[in-house]
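This is my_file.csv (CSV, C-alpha atoms).
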chain,number,residue,atom,x,y,z
L,1021,MET,CA,8.5,-17.3,5.2
L,1022,ALA,CA,11.8,-16.1,6.6
L,1023,ILE,CA,12.4,-12.6,7.4
L,1024,SER,CA,15.0,-11.6,4.9
L,1025,SER,CA,15.1,-7.9,5.4
L,1026,THR,CA,17.9,-6.1,7.1
L,1027,ALA,CA,18.0,-4.5,10.4
L,1028,ALA,CA,17.7,-1.2,8.7
L,1029,THR,CA,14.1,-1.8,7.8
L,1030,ILE,CA,11.4,-0.9,10.2
L,1031,HIS,CA,8.0,-2.6,10.0
L,1032,PHE,CA,4.8,-1.8,11.6
L,1033,TRP,CA,3.1,-4.9,12.9
L,1034,ASN,CA,-0.5,-5.4,12.4
L,1035,SER,CA,-2.0,-5.9,15.8
L,1036,ASP,CA,-4.4,-8.5,14.4
L,1037,TYR,CA,-1.4,-10.7,13.9
L,1038,ARG,CA,-0.5,-10.2,17.5
L,1039,ALA,CA,3.0,-9.3,16.6
L,1040,ALA,CA,5.3,-8.9,19.5
L,1041,LEU,CA,7.2,-5.9,20.4
L,1042,SER,CA,8.7,-7.3,23.6
L,1043,PRO,CA,12.0,-9.0,23.2
L,1044,PRO,CA,11.3,-12.4,21.9
L,1045,SER,CA,13.3,-15.4,23.0
L,1046,SER,CA,14.6,-16.3,19.5
L,1047,SER,CA,15.0,-12.9,18.1
L,1048,SER,CA,16.8,-11.7,15.1
L,1049,SER,CA,18.7,-8.5,15.3
L,1050,LYS,CA,15.9,-6.9,13.5
L,1051,LEU,CA,13.3,-7.8,16.0
L,1052,SER,CA,15.4,-6.6,18.8
L,1053,TYR,CA,15.9,-3.4,17.1
L,1054,LEU,CA,12.1,-3.1,16.7
L,1055,SER,CA,11.5,-3.9,20.3
L,1056,SER,CA,13.9,-1.2,21.5
L,1057,LEU,CA,11.7,1.4,19.9
L,1058,GLN,CA,8.7,0.4,22.2
L,1059,PHE,CA,6.1,0.7,19.5
L,1060,PRO,CA,2.5,0.6,20.6
L,1061,ARG,CA,1.1,-2.8,19.7
L,1062,GLN,CA,-1.5,-1.3,17.4
L,1063,LEU,CA,0.9,0.3,15.0
L,1064,ARG,CA,0.7,-1.8,12.0
L,1065,LEU,CA,3.8,-3.5,10.6
L,1066,LEU,CA,4.3,-4.5,7.1
L,1067,GLY,CA,7.0,-7.0,6.3
L,1068,VAL,CA,9.2,-5.3,3.7
L,1069,GLN,CA,10.4,-8.6,2.3
L,1070,ASN,CA,9.8,-11.2,-0.3
L,1071,LYS,CA,6.2,-12.0,0.5
L,1072,GLY,CA,5.3,-9.1,2.7
L,1073,PHE,CA,3.9,-10.9,5.7
L,1074,LEU,CA,5.1,-13.1,8.4
L,1075,SER,CA,3.3,-16.4,8.8
L,1076,PRO,CA,1.4,-16.9,12.1
L,1077,SER,CA,3.7,-19.7,13.1
L,1078,GLN,CA,6.5,-17.1,13.4
L,1079,HIS,CA,4.3,-14.9,15.4
L,1080,ARG,CA,3.5,-17.6,17.9
L,1081,THR,CA,7.0,-17.6,19.2
L,1082,LEU,CA,6.7,-14.0,20.2
L,1083,SER,CA,4.8,-12.7,23.2
L,1084,PRO,CA,2.5,-9.7,22.9
L,1085,VAL,CA,3.1,-6.5,24.8
L,1086,GLU,CA,0.5,-4.7,26.8
L,1087,ALA,CA,-1.8,-2.8,24.5
L,1088,LYS,CA,-1.0,0.9,24.4
L,1089,LYS,CA,-3.1,3.5,22.9
L,1090,GLN,CA,-1.9,4.4,19.5
L,1091,THR,CA,-0.3,7.8,19.7
L,1092,PHE,CA,0.8,10.0,17.0
L,1093,SER,CA,4.1,10.7,18.7
L,1094,SER,CA,5.2,7.2,17.7
L,1095,LEU,CA,6.3,8.3,14.3
L,1096,ASP,CA,8.0,11.3,15.8
L,1097,GLU,CA,9.7,9.0,18.3
L,1098,LEU,CA,10.9,6.8,15.4
L,1099,LEU,CA,12.2,9.8,13.6
L,1100,GLU,CA,13.9,11.2,16.7
L,1101,ASN,CA,15.5,7.9,17.6
L,1102,SER,CA,16.7,7.1,14.2
L,1103,ASP,CA,20.4,7.5,13.6
L,1104,LYS,CA,19.9,7.4,9.9
L,1105,PRO,CA,17.7,9.4,7.5
L,1106,VAL,CA,14.3,7.8,7.1
L,1107,LEU,CA,12.4,7.2,3.9
L,1108,VAL,CA,8.7,7.0,4.7
L,1109,ASP,CA,6.3,5.5,2.1
L,1110,PHE,CA,2.7,6.6,2.6
L,1111,TYR,CA,0.5,4.0,0.8
L,1112,ALA,CA,-2.9,2.4,0.7
L,1113,THR,CA,-3.9,-1.2,0.3
L,1114,TRP,CA,-5.8,-0.7,-2.9
L,1115,CYS,CA,-3.5,1.7,-4.6
L,1116,GLY,CA,-1.9,-0.1,-7.6
L,1117,PRO,CA,1.3,2.0,-7.8
L,1118,CYS,CA,1.8,1.6,-4.1
L,1119,GLN,CA,1.9,-2.2,-4.5
L,1120,ILE,CA,4.4,-1.9,-7.3
L,1121,MET,CA,6.7,-0.2,-4.9
L,1122,ALA,CA,6.8,-3.0,-2.3
L,1123,PRO,CA,9.5,-5.1,-4.0
L,1124,VAL,CA,11.3,-1.9,-5.1
L,1125,LEU,CA,11.4,-0.7,-1.4
L,1126,ASN,CA,12.7,-4.2,-0.4
L,1127,GLU,CA,15.5,-3.8,-2.8
L,1128,VAL,CA,16.5,-0.3,-2.0
L,1129,SER,CA,16.3,-0.8,1.8
L,1130,THR,CA,18.7,-3.7,1.4
L,1131,SER,CA,21.1,-2.1,-0.9
L,1132,MET,CA,21.1,1.2,1.0
L,1133,LYS,CA,20.8,-0.3,4.5
L,1134,ASP,CA,23.7,1.7,5.9
L,1135,LYS,CA,22.4,5.0,4.6
L,1136,ILE,CA,18.7,5.0,5.1
L,1137,GLN,CA,15.9,3.4,7.0
L,1138,VAL,CA,12.7,2.5,5.2
L,1139,VAL,CA,9.2,2.8,6.8
L,1140,LYS,CA,5.8,2.2,5.3
L,1141,ILE,CA,2.7,3.8,6.7
L,1142,ASP,CA,-0.8,2.7,5.7
L,1143,THR,CA,-2.7,6.0,5.3
L,1144,GLU,CA,-6.0,4.3,6.0
L,1145,LYS,CA,-4.8,2.9,9.3
L,1146,TYR,CA,-3.0,6.1,10.3
L,1147,PRO,CA,-5.0,8.9,8.8
L,1148,SER,CA,-3.8,11.4,11.4
L,1149,ILE,CA,-0.2,10.9,10.3
L,1150,ALA,CA,-1.2,11.3,6.7
L,1151,ASP,CA,-3.1,14.4,7.5
L,1152,LYS,CA,-0.2,15.9,9.4
L,1153,TYR,CA,2.0,15.6,6.3
L,1154,ARG,CA,-0.8,16.7,4.0
L,1155,ILE,CA,-0.6,13.5,1.9
L,1156,GLU,CA,-2.7,13.6,-1.2
L,1157,ALA,CA,-1.6,11.4,-4.0
L,1158,LEU,CA,-0.4,7.9,-3.2
L,1159,PRO,CA,2.3,6.7,-3.0
L,1160,THR,CA,4.0,9.7,-1.5
L,1161,PHE,CA,7.6,9.4,-0.3
L,1162,ILE,CA,9.1,11.7,2.3
L,1163,ILE,CA,12.8,11.6,3.2
L,1164,PHE,CA,13.3,12.7,6.8
L,1165,LYS,CA,16.7,13.9,7.9
L,1166,ASP,CA,17.2,14.7,11.6
L,1167,GLY,CA,13.5,14.3,12.1
L,1168,GLU,CA,12.5,16.9,9.5
L,1169,PRO,CA,11.2,16.3,6.1
L,1170,CYS,CA,13.8,17.3,3.6
L,1171,ASP,CA,12.5,15.8,0.3
L,1172,ARG,CA,9.1,14.7,-0.9
L,1173,PHE,CA,7.9,13.1,-4.1
L,1174,GLU,CA,4.9,11.2,-5.4
L,1175,GLY,CA,4.3,8.3,-7.7
L,1176,ALA,CA,5.9,4.9,-8.3
L,1177,LEU,CA,9.4,4.8,-9.6
L,1178,SER,CA,12.1,2.2,-10.3
L,1179,ALA,CA,14.7,1.0,-7.8
L,1180,ASP,CA,17.4,2.9,-9.8
L,1181,LEU,CA,15.5,6.1,-9.8
L,1182,LEU,CA,14.6,5.8,-6.2
L,1183,THR,CA,18.2,5.1,-5.2
L,1184,GLN,CA,19.3,8.1,-7.2
L,1185,ARG,CA,16.8,10.4,-5.6
L,1186,ILE,CA,17.7,9.3,-2.1
L,1187,GLU,CA,21.4,9.7,-2.8
L,1188,SER,CA,21.0,13.1,-4.2
L,1189,THR,CA,18.8,14.2,-1.3
L,1190,LEU,CA,21.3,12.9,1.2
L,1191,LYS,CA,24.3,14.3,-0.5
L,1192,VAL,CA,22.8,17.8,-0.5
L,1193,LYS,CA,22.1,17.5,3.2
L,1194,GLN,CA,25.6,16.3,4.0
O,1003,MET,CA,-3.9,-8.4,-3.7
O,1004,THR,CA,-3.6,-11.8,-2.0
O,1005,THR,CA,-0.7,-14.3,-2.0
O,1006,GLY,CA,-1.1,-18.0,-2.0
O,1007,THR,CA,1.2,-18.4,0.9
O,1008,LEU,CA,-0.3,-15.8,3.2
O,1009,GLN,CA,-1.7,-17.5,6.3
O,1010,ALA,CA,-3.7,-15.0,8.2
O,1011,SER,CA,-4.8,-15.7,11.7
O,1012,ILE,CA,-8.1,-14.0,11.3
O,1013,SER,CA,-10.8,-15.8,9.5
O,1014,TYR,CA,-12.9,-13.3,7.6
O,1015,GLY,CA,-16.3,-14.3,6.4
O,1016,VAL,CA,-17.0,-12.7,3.1
O,1017,GLY,CA,-20.7,-12.0,3.0
O,1018,PHE,CA,-21.5,-13.0,-0.6
O,1019,ALA,CA,-23.7,-16.0,-1.0
O,1020,ILE,CA,-22.6,-18.7,-3.3
O,1021,SER,CA,-25.8,-19.6,-5.0
O,1022,SER,CA,-26.2,-22.6,-7.2
O,1023,VAL,CA,-24.3,-21.4,-10.2
O,1024,ALA,CA,-22.8,-23.9,-12.6
O,1025,ALA,CA,-19.2,-22.9,-11.9
O,1026,PRO,CA,-18.0,-20.6,-9.2
O,1027,PRO,CA,-16.2,-17.5,-10.4
O,1028,ARG,CA,-12.6,-18.2,-10.9
O,1029,ARG,CA,-11.5,-15.5,-8.5
O,1030,LEU,CA,-13.3,-17.3,-5.6
O,1031,ARG,CA,-10.5,-19.8,-5.7
O,1032,HIS,CA,-8.1,-17.1,-4.5
O,1033,ARG,CA,-10.3,-16.0,-1.6
O,1034,HIS,CA,-9.3,-18.7,0.8
O,1035,VAL,CA,-6.7,-16.2,1.9
O,1036,THR,CA,-8.0,-13.7,4.3
O,1037,LEU,CA,-6.7,-10.2,4.8
O,1038,ALA,CA,-7.2,-7.9,7.8
O,1039,LYS,CA,-8.6,-5.5,5.3
O,1040,ALA,CA,-12.0,-6.3,3.9
O,1041,GLU,CA,-12.3,-7.4,0.3
O,1042,PRO,CA,-14.8,-5.6,-1.9
O,1043,THR,CA,-17.9,-7.4,-2.9
O,1044,ASP,CA,-17.8,-9.5,-6.1
O,1045,LYS,CA,-20.6,-7.5,-7.6
O,1046,SER,CA,-18.9,-4.2,-7.2
O,1047,VAL,CA,-15.7,-5.6,-8.5
O,1048,GLU,CA,-17.4,-6.9,-11.6
O,1049,ILE,CA,-19.2,-3.5,-12.1
O,1050,MET,CA,-15.9,-1.6,-11.8
O,1051,ARG,CA,-14.2,-4.1,-14.1
O,1052,LYS,CA,-16.8,-3.6,-16.8
O,1053,PHE,CA,-16.7,0.1,-16.3
O,1054,SER,CA,-12.9,0.1,-16.7
O,1055,GLU,CA,-13.1,-1.8,-19.9
O,1056,GLN,CA,-15.8,0.5,-21.3
O,1057,TYR,CA,-14.0,3.6,-20.2
O,1058,ALA,CA,-10.6,2.5,-21.6
O,1059,ARG,CA,-12.3,2.0,-25.0
O,1060,ARG,CA,-14.1,5.3,-24.8
O,1061,SER,CA,-11.0,7.2,-23.8
O,1062,GLY,CA,-8.6,5.4,-26.1
O,1063,THR,CA,-6.5,4.3,-23.2
O,1064,TYR,CA,-5.0,0.9,-22.3
O,1065,PHE,CA,-4.4,-1.1,-19.2
O,1066,CYS,CA,-1.1,-1.6,-17.5
O,1067,VAL,CA,1.2,-4.3,-18.8
O,1068,ASP,CA,1.1,-5.6,-15.2
O,1069,LYS,CA,-2.5,-6.7,-14.8
O,1070,GLY,CA,-2.0,-7.0,-11.1
O,1071,VAL,CA,-1.9,-3.2,-10.9
O,1072,THR,CA,-5.1,-3.0,-12.9
O,1073,SER,CA,-6.8,-5.6,-10.5
O,1074,VAL,CA,-5.7,-3.8,-7.4
O,1075,VAL,CA,-7.1,-0.5,-8.6
O,1076,ILE,CA,-10.3,-2.0,-9.7
O,1077,LYS,CA,-10.7,-3.6,-6.3
O,1078,GLY,CA,-10.0,-0.3,-4.7
O,1079,LEU,CA,-12.7,1.4,-6.8
O,1080,ALA,CA,-15.1,-1.4,-5.9
O,1081,ASP,CA,-14.2,-1.1,-2.2
O,1082,HIS,CA,-15.0,2.6,-2.2
O,1083,LYS,CA,-18.2,2.0,-4.1
O,1084,ASP,CA,-19.2,-0.5,-1.4
O,1085,ALA,CA,-18.3,1.8,1.4
O,1086,LEU,CA,-19.2,5.2,0.1
O,1087,GLY,CA,-21.6,4.6,-2.8
O,1088,ALA,CA,-19.2,6.1,-5.3
O,1089,PRO,CA,-15.9,4.8,-6.8
O,1090,LEU,CA,-13.5,7.3,-5.2
O,1091,CYS,CA,-10.0,7.1,-6.5
O,1092,PRO,CA,-8.1,4.6,-4.4
O,1093,CYS,CA,-4.7,6.2,-4.9
O,1094,ARG,CA,-5.3,9.2,-2.8
O,1095,HIS,CA,-5.5,10.1,0.8
O,1096,TYR,CA,-8.6,12.1,1.9
O,1097,ASP,CA,-9.5,14.1,5.0
O,1098,ASP,CA,-13.2,13.1,4.6
O,1099,LYS,CA,-13.9,10.4,2.1
O,1100,ALA,CA,-17.7,10.7,2.3
O,1101,ALA,CA,-17.5,14.4,1.5
O,1102,GLU,CA,-15.2,13.8,-1.4
O,1103,ALA,CA,-17.5,11.1,-2.8
O,1104,THR,CA,-20.3,13.5,-2.7
O,1105,GLN,CA,-18.3,16.4,-4.2
O,1106,GLY,CA,-17.2,14.1,-7.1
O,1107,PHE,CA,-13.9,15.5,-8.3
O,1108,TRP,CA,-12.1,12.3,-7.4
O,1109,ASN,CA,-14.8,9.9,-8.4
O,1110,CYS,CA,-13.6,7.6,-11.1
O,1111,PRO,CA,-13.3,8.8,-13.9
O,1112,CYS,CA,-11.8,11.7,-12.0
O,1113,VAL,CA,-11.6,15.2,-13.4
O,1114,PRO,CA,-7.8,15.0,-14.3
O,1115,MET,CA,-8.6,11.8,-16.3
O,1116,ARG,CA,-11.6,13.3,-18.0
O,1117,GLU,CA,-9.8,16.5,-18.9
O,1118,ARG,CA,-6.2,15.4,-19.5
O,1119,LYS,CA,-6.2,11.6,-19.5
O,1120,GLU,CA,-4.1,11.7,-16.4
O,1121,CYS,CA,-4.5,8.5,-14.3
O,1122,HIS,CA,-1.9,8.3,-11.5
O,1123,CYS,CA,-3.4,5.0,-10.5
O,1124,MET,CA,-2.0,3.5,-13.6
O,1125,LEU,CA,-5.4,2.1,-14.5
O,1126,PHE,CA,-6.0,4.0,-17.8
O,1127,LEU,CA,-2.8,4.6,-19.6
O,1128,THR,CA,-2.2,6.5,-22.9
O,1129,LEU,CA,-0.2,4.6,-25.5
O,1130,ASP,CA,2.9,6.7,-25.0
O,1131,ASN,CA,3.1,5.6,-21.4
O,1132,ASP,CA,6.0,3.1,-20.8
O,1133,PHE,CA,3.7,0.9,-18.7
O,1134,ALA,CA,0.8,0.8,-21.2
O,1135,GLY,CA,0.0,-2.6,-22.5
O,1136,LYS,CA,-2.1,-3.2,-25.7
O,1137,GLU,CA,-5.3,-4.3,-24.0
O,1138,GLN,CA,-8.5,-2.7,-23.2
O,1139,VAL,CA,-9.9,-5.9,-21.6
O,1140,THR,CA,-8.9,-7.4,-18.3
O,1141,VAL,CA,-9.6,-10.2,-16.0
O,1142,MET,CA,-9.1,-9.9,-12.2
O,1143,THR,CA,-5.9,-11.4,-11.1
O,1144,ASN,CA,-3.9,-11.6,-7.9
O,1145,PHE,CA,-1.1,-9.1,-7.5
O,1146,LYS,CA,2.0,-11.0,-6.8
O,1147,ALA,CA,4.4,-8.4,-5.5
O,1148,LEU,CA,3.1,-8.1,-2.0

Rewrite the structure from the file as structure tokens, please.
Amino acid sequence: MAISSTAATIHFWNSDYRAALSPPSSSSSKLSYLSSLQFPRQLRLLGVQNKGFLSPSQHRTLSPVEAKKQTFSSLDELLENSDKPVLVDFYATWCGPCQIMAPVLNEVSTSMKDKIQVVKIDTEKYPSIADKYRIEALPTFIIFKDGEPCDRFEGALSADLLTQRIESTLKVKQ
Amino acid sequence: MTTGTLQASISYGVGFAISSVAAPPRRLRHRHVTLAKAEPTDKSVEIMRKFSEQYARRSGTYFCVDKGVTSVVIKGLADHKDALGAPLCPCRHYDDKAAEATQGFWNCPCVPMRERKECHCMLFLTLDNDFAGKEQVTVMTNFKAL
């Protein structure tokens, strides 16, 4: 499965897949972008793309980084380092509407790649982050601008509605 | 929620025993794909599937046009039933799942569903909902989007 998502999309790699965060030899621009963020290995990545996961054969070309303790500051670091607003999707594996959103987020992150960065957080893997933002219903979307949450909404929605919502939020903030 | 092309590097042994039954359940065919996240037991899935059908009939609600959503939620309910003893709503984040399961507000059918037929999991949908299909029966299916 080819990684078809754009450089604007951030993924959290599942440490079980031994995803690499050090610069791989044959890196796409997206992977280089990821590696520059120095994410702890244990932060889980989700491929926001056609099938949602990389095959292990792609992983074998990448070398793992040293294990670092998962720290909460990683999301903060992402938010601080991002030059674009960030849309964070808080989801859970067995939440039906969250799964509906996977292709929608693909589409929106591609069509709006210059305007926003899309991040997905598994609330079961990172409960502390979910607690910090008082996530209740899933999916919950928070749009961060300049590191601060500036819009928040729940529930699945179509690509059109999501695009509209992002655009109106970003327009207000501009 | 498995895809036919997913090749996981972990082999996960599902603990159910395949006893000498005439034909294995259809969904076992899809279980060659392993996920980092544990799958719920077949028994719990079947219990929650039957519950969902009965409750849809009883409440006059219908399943989603996309049966993959229905399957994912039923699996989520089964997963919580396995882990916590009660089918806690899978579409919520909780500070303390065990406490919530004991308290009961979010055990399926949750209070919002019982009082107002509100199911944000999109499992039980009233007819006026855009996503409601016409069925109150379902079979487990793989969700294709992910």

Fill in: Length of the CA of Glu1055 in chain O to CA of Lys1119 in chain O vector [Å]
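Between these atoms lies a distance of 15.1 Å.
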
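With all atoms listed in the file taken into account, the protein and nucleic acid residues at most 9 Å from range 1095-1108 of chain L (excluding it and anything under 6 positions from it in its own chain) are L:Ala1028, L:Leu1057, L:Phe1059, L:Asp1134, L:Lys1135, L:Ile1136, L:Gln1137, L:Val1138, L:Val1139, L:Lys1140, L:Ile1141, L:Ile1149, L:Thr1160, L:Phe1161, L:Ile1162, L:Ile1163, L:Phe1164, L:Lys1165, L:Asp1166, L:Gly1167, L:Glu1168, L:Ile1186, L:Leu1190.
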
Discussion item. Using Å and a single decimal, report how far CA of Cys1066 in chain O sits from CA of Glu1048 in chain O.
Written reply: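 Atom-to-atom, CA of Glu1048 in chain O to CA of Cys1066 in chain O, that is 18.1 Å.
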
Discussion item. With only C-alpha atoms considered, list every residue of chain O at most 6 Å from chain L, as JSON, numbers by chain.
Written reply: {"O": [1009, 1071, 1074, 1075, 1078, 1092, 1093, 1094, 1095, 1148]}

Please produce a file of the residues just selected, as a PDB file, in the coordinates of the input, where the atoms kept are C-alpha atoms.
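Output file result-v3.pdb follows:
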ATOM      1  CA  GLN O1009      -1.700 -17.500   6.300  1.00  0.00           C
ATOM      2  CA  VAL O1071      -1.900  -3.200 -10.900  1.00  0.00           C
ATOM      3  CA  VAL O1074      -5.700  -3.800  -7.400  1.00  0.00           C
ATOM      4  CA  VAL O1075      -7.100  -0.500  -8.600  1.00  0.00           C
ATOM      5  CA  GLY O1078     -10.000  -0.300  -4.700  1.00  0.00           C
ATOM      6  CA  PRO O1092      -8.100   4.600  -4.400  1.00  0.00           C
ATOM      7  CA  CYS O1093      -4.700   6.200  -4.900  1.00  0.00           C
ATOM      8  CA  ARG O1094      -5.300   9.200  -2.800  1.00  0.00           C
ATOM      9  CA  HIS O1095      -5.500  10.100   0.800  1.00  0.00           C
ATOM     10  CA  LEU O1148       3.100  -8.100  -2.000  1.00  0.00           C
TER      11      LEU O1148
END

Discussion item. Can you pull out the residues contacting range 1127-1133 of chain O? Cut-off 8 Å, using all atoms listed in the file, and skip same-chain residues under 4 positions away; I want them as a VMD selection string.
Written reply: chain O and resid 1062 to 1068 1119 to 1121

Practice prompt. Go through L:Tyr1153, L:Lys1191, L:Leu1125, L:Asp1109 one by one, measure the shortest atom-to-atom distance of each to Ser1178 in chain L using all atoms listed in the file, and give the residue with the smallest value.
Written response: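 Between L:Tyr1153, L:Lys1191, L:Leu1125, L:Asp1109, the residue approaching Ser1178 in chain L most closely is L:Leu1125.
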
Fill in: Contact residues around Thr1143 in chain O with all atoms listed in the file at 7 Å, ignoring same-chain residues under 3 positions, as a list in words
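Here the answer would be Lys1069, Gly1070 and Ser1073 of chain O.
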
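The two atoms in question, CA of Val1047 in chain O and CA of Met1142 in chain O, are spaced 8.7 Å apart.
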
Discussion item. Under the rule that all atoms listed in the file are counted, which of O:Asn1144, O:Asn1109, O:Ser1046, O:Ser1061 is the nearest residue to Cys1091 in chain O?
Written reply: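 That would be O:Asn1109, the residue with the smallest distance to Cys1091 in chain O.
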
Report as a PDB file with C-alpha atoms, keeping the file's coordinate frame all protein, DNA and RNA residues lying within 12 Å of Ala1103 in chain O, evaluated on only C-alpha atoms, omitting residues in the same chain fewer than 4 positions from it.
ATOM      1  CA  LEU O1079     -12.700   1.400  -6.800  1.00  0.00           C
ATOM      2  CA  HIS O1082     -15.000   2.600  -2.200  1.00  0.00           C
ATOM      3  CA  LYS O1083     -18.200   2.000  -4.100  1.00  0.00           C
ATOM      4  CA  ASP O1084     -19.200  -0.500  -1.400  1.00  0.00           C
ATOM      5  CA  ALA O1085     -18.300   1.800   1.400  1.00  0.00           C
ATOM      6  CA  LEU O1086     -19.200   5.200   0.100  1.00  0.00           C
ATOM      7  CA  GLY O1087     -21.600   4.600  -2.800  1.00  0.00           C
ATOM      8  CA  ALA O1088     -19.200   6.100  -5.300  1.00  0.00           C
ATOM      9  CA  PRO O1089     -15.900   4.800  -6.800  1.00  0.00           C
ATOM     10  CA  LEU O1090     -13.500   7.300  -5.200  1.00  0.00           C
ATOM     11  CA  CYS O1091     -10.000   7.100  -6.500  1.00  0.00           C
ATOM     12  CA  PRO O1092      -8.100   4.600  -4.400  1.00  0.00           C
ATOM     13  CA  TYR O1096      -8.600  12.100   1.900  1.00  0.00           C
ATOM     14  CA  ASP O1097      -9.500  14.100   5.000  1.00  0.00           C
ATOM     15  CA  ASP O1098     -13.200  13.100   4.600  1.00  0.00           C
ATOM     16  CA  LYS O1099     -13.900  10.400   2.100  1.00  0.00           C
ATOM     17  CA  PHE O1107     -13.900  15.500  -8.300  1.00  0.00           C
ATOM     18  CA  TRP O1108     -12.100  12.300  -7.400  1.00  0.00           C
ATOM     19  CA  ASN O1109     -14.800   9.900  -8.400  1.00  0.00           C
ATOM     20  CA  CYS O1110     -13.600   7.600 -11.100  1.00  0.00           C
ATOM     21  CA  CYS O1112     -11.800  11.700 -12.000  1.00  0.00           C
TER      22      CYS O1112
END

Item to complete: Name the residues in contact with Lys1045 in chain O at a cut-off of 10 Å, using only C-alpha atoms, excluding same-chain residues fewer than 4 positions from it; report them as a list in words.
Response: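 Residues meeting the cut-off are Phe1018, Ile1049, Met1050, Arg1051, Ala1080 and Asp1084 of chain O.
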
Worksheet entry | Among the residues L:Arg1172, L:Lys1152, L:Tyr1146, L:Ser1129, the one that comes closest to Arg1185 in chain L [using all atoms listed in the file] |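 Smallest separation from Arg1185 in chain L among the options: L:Arg1172.
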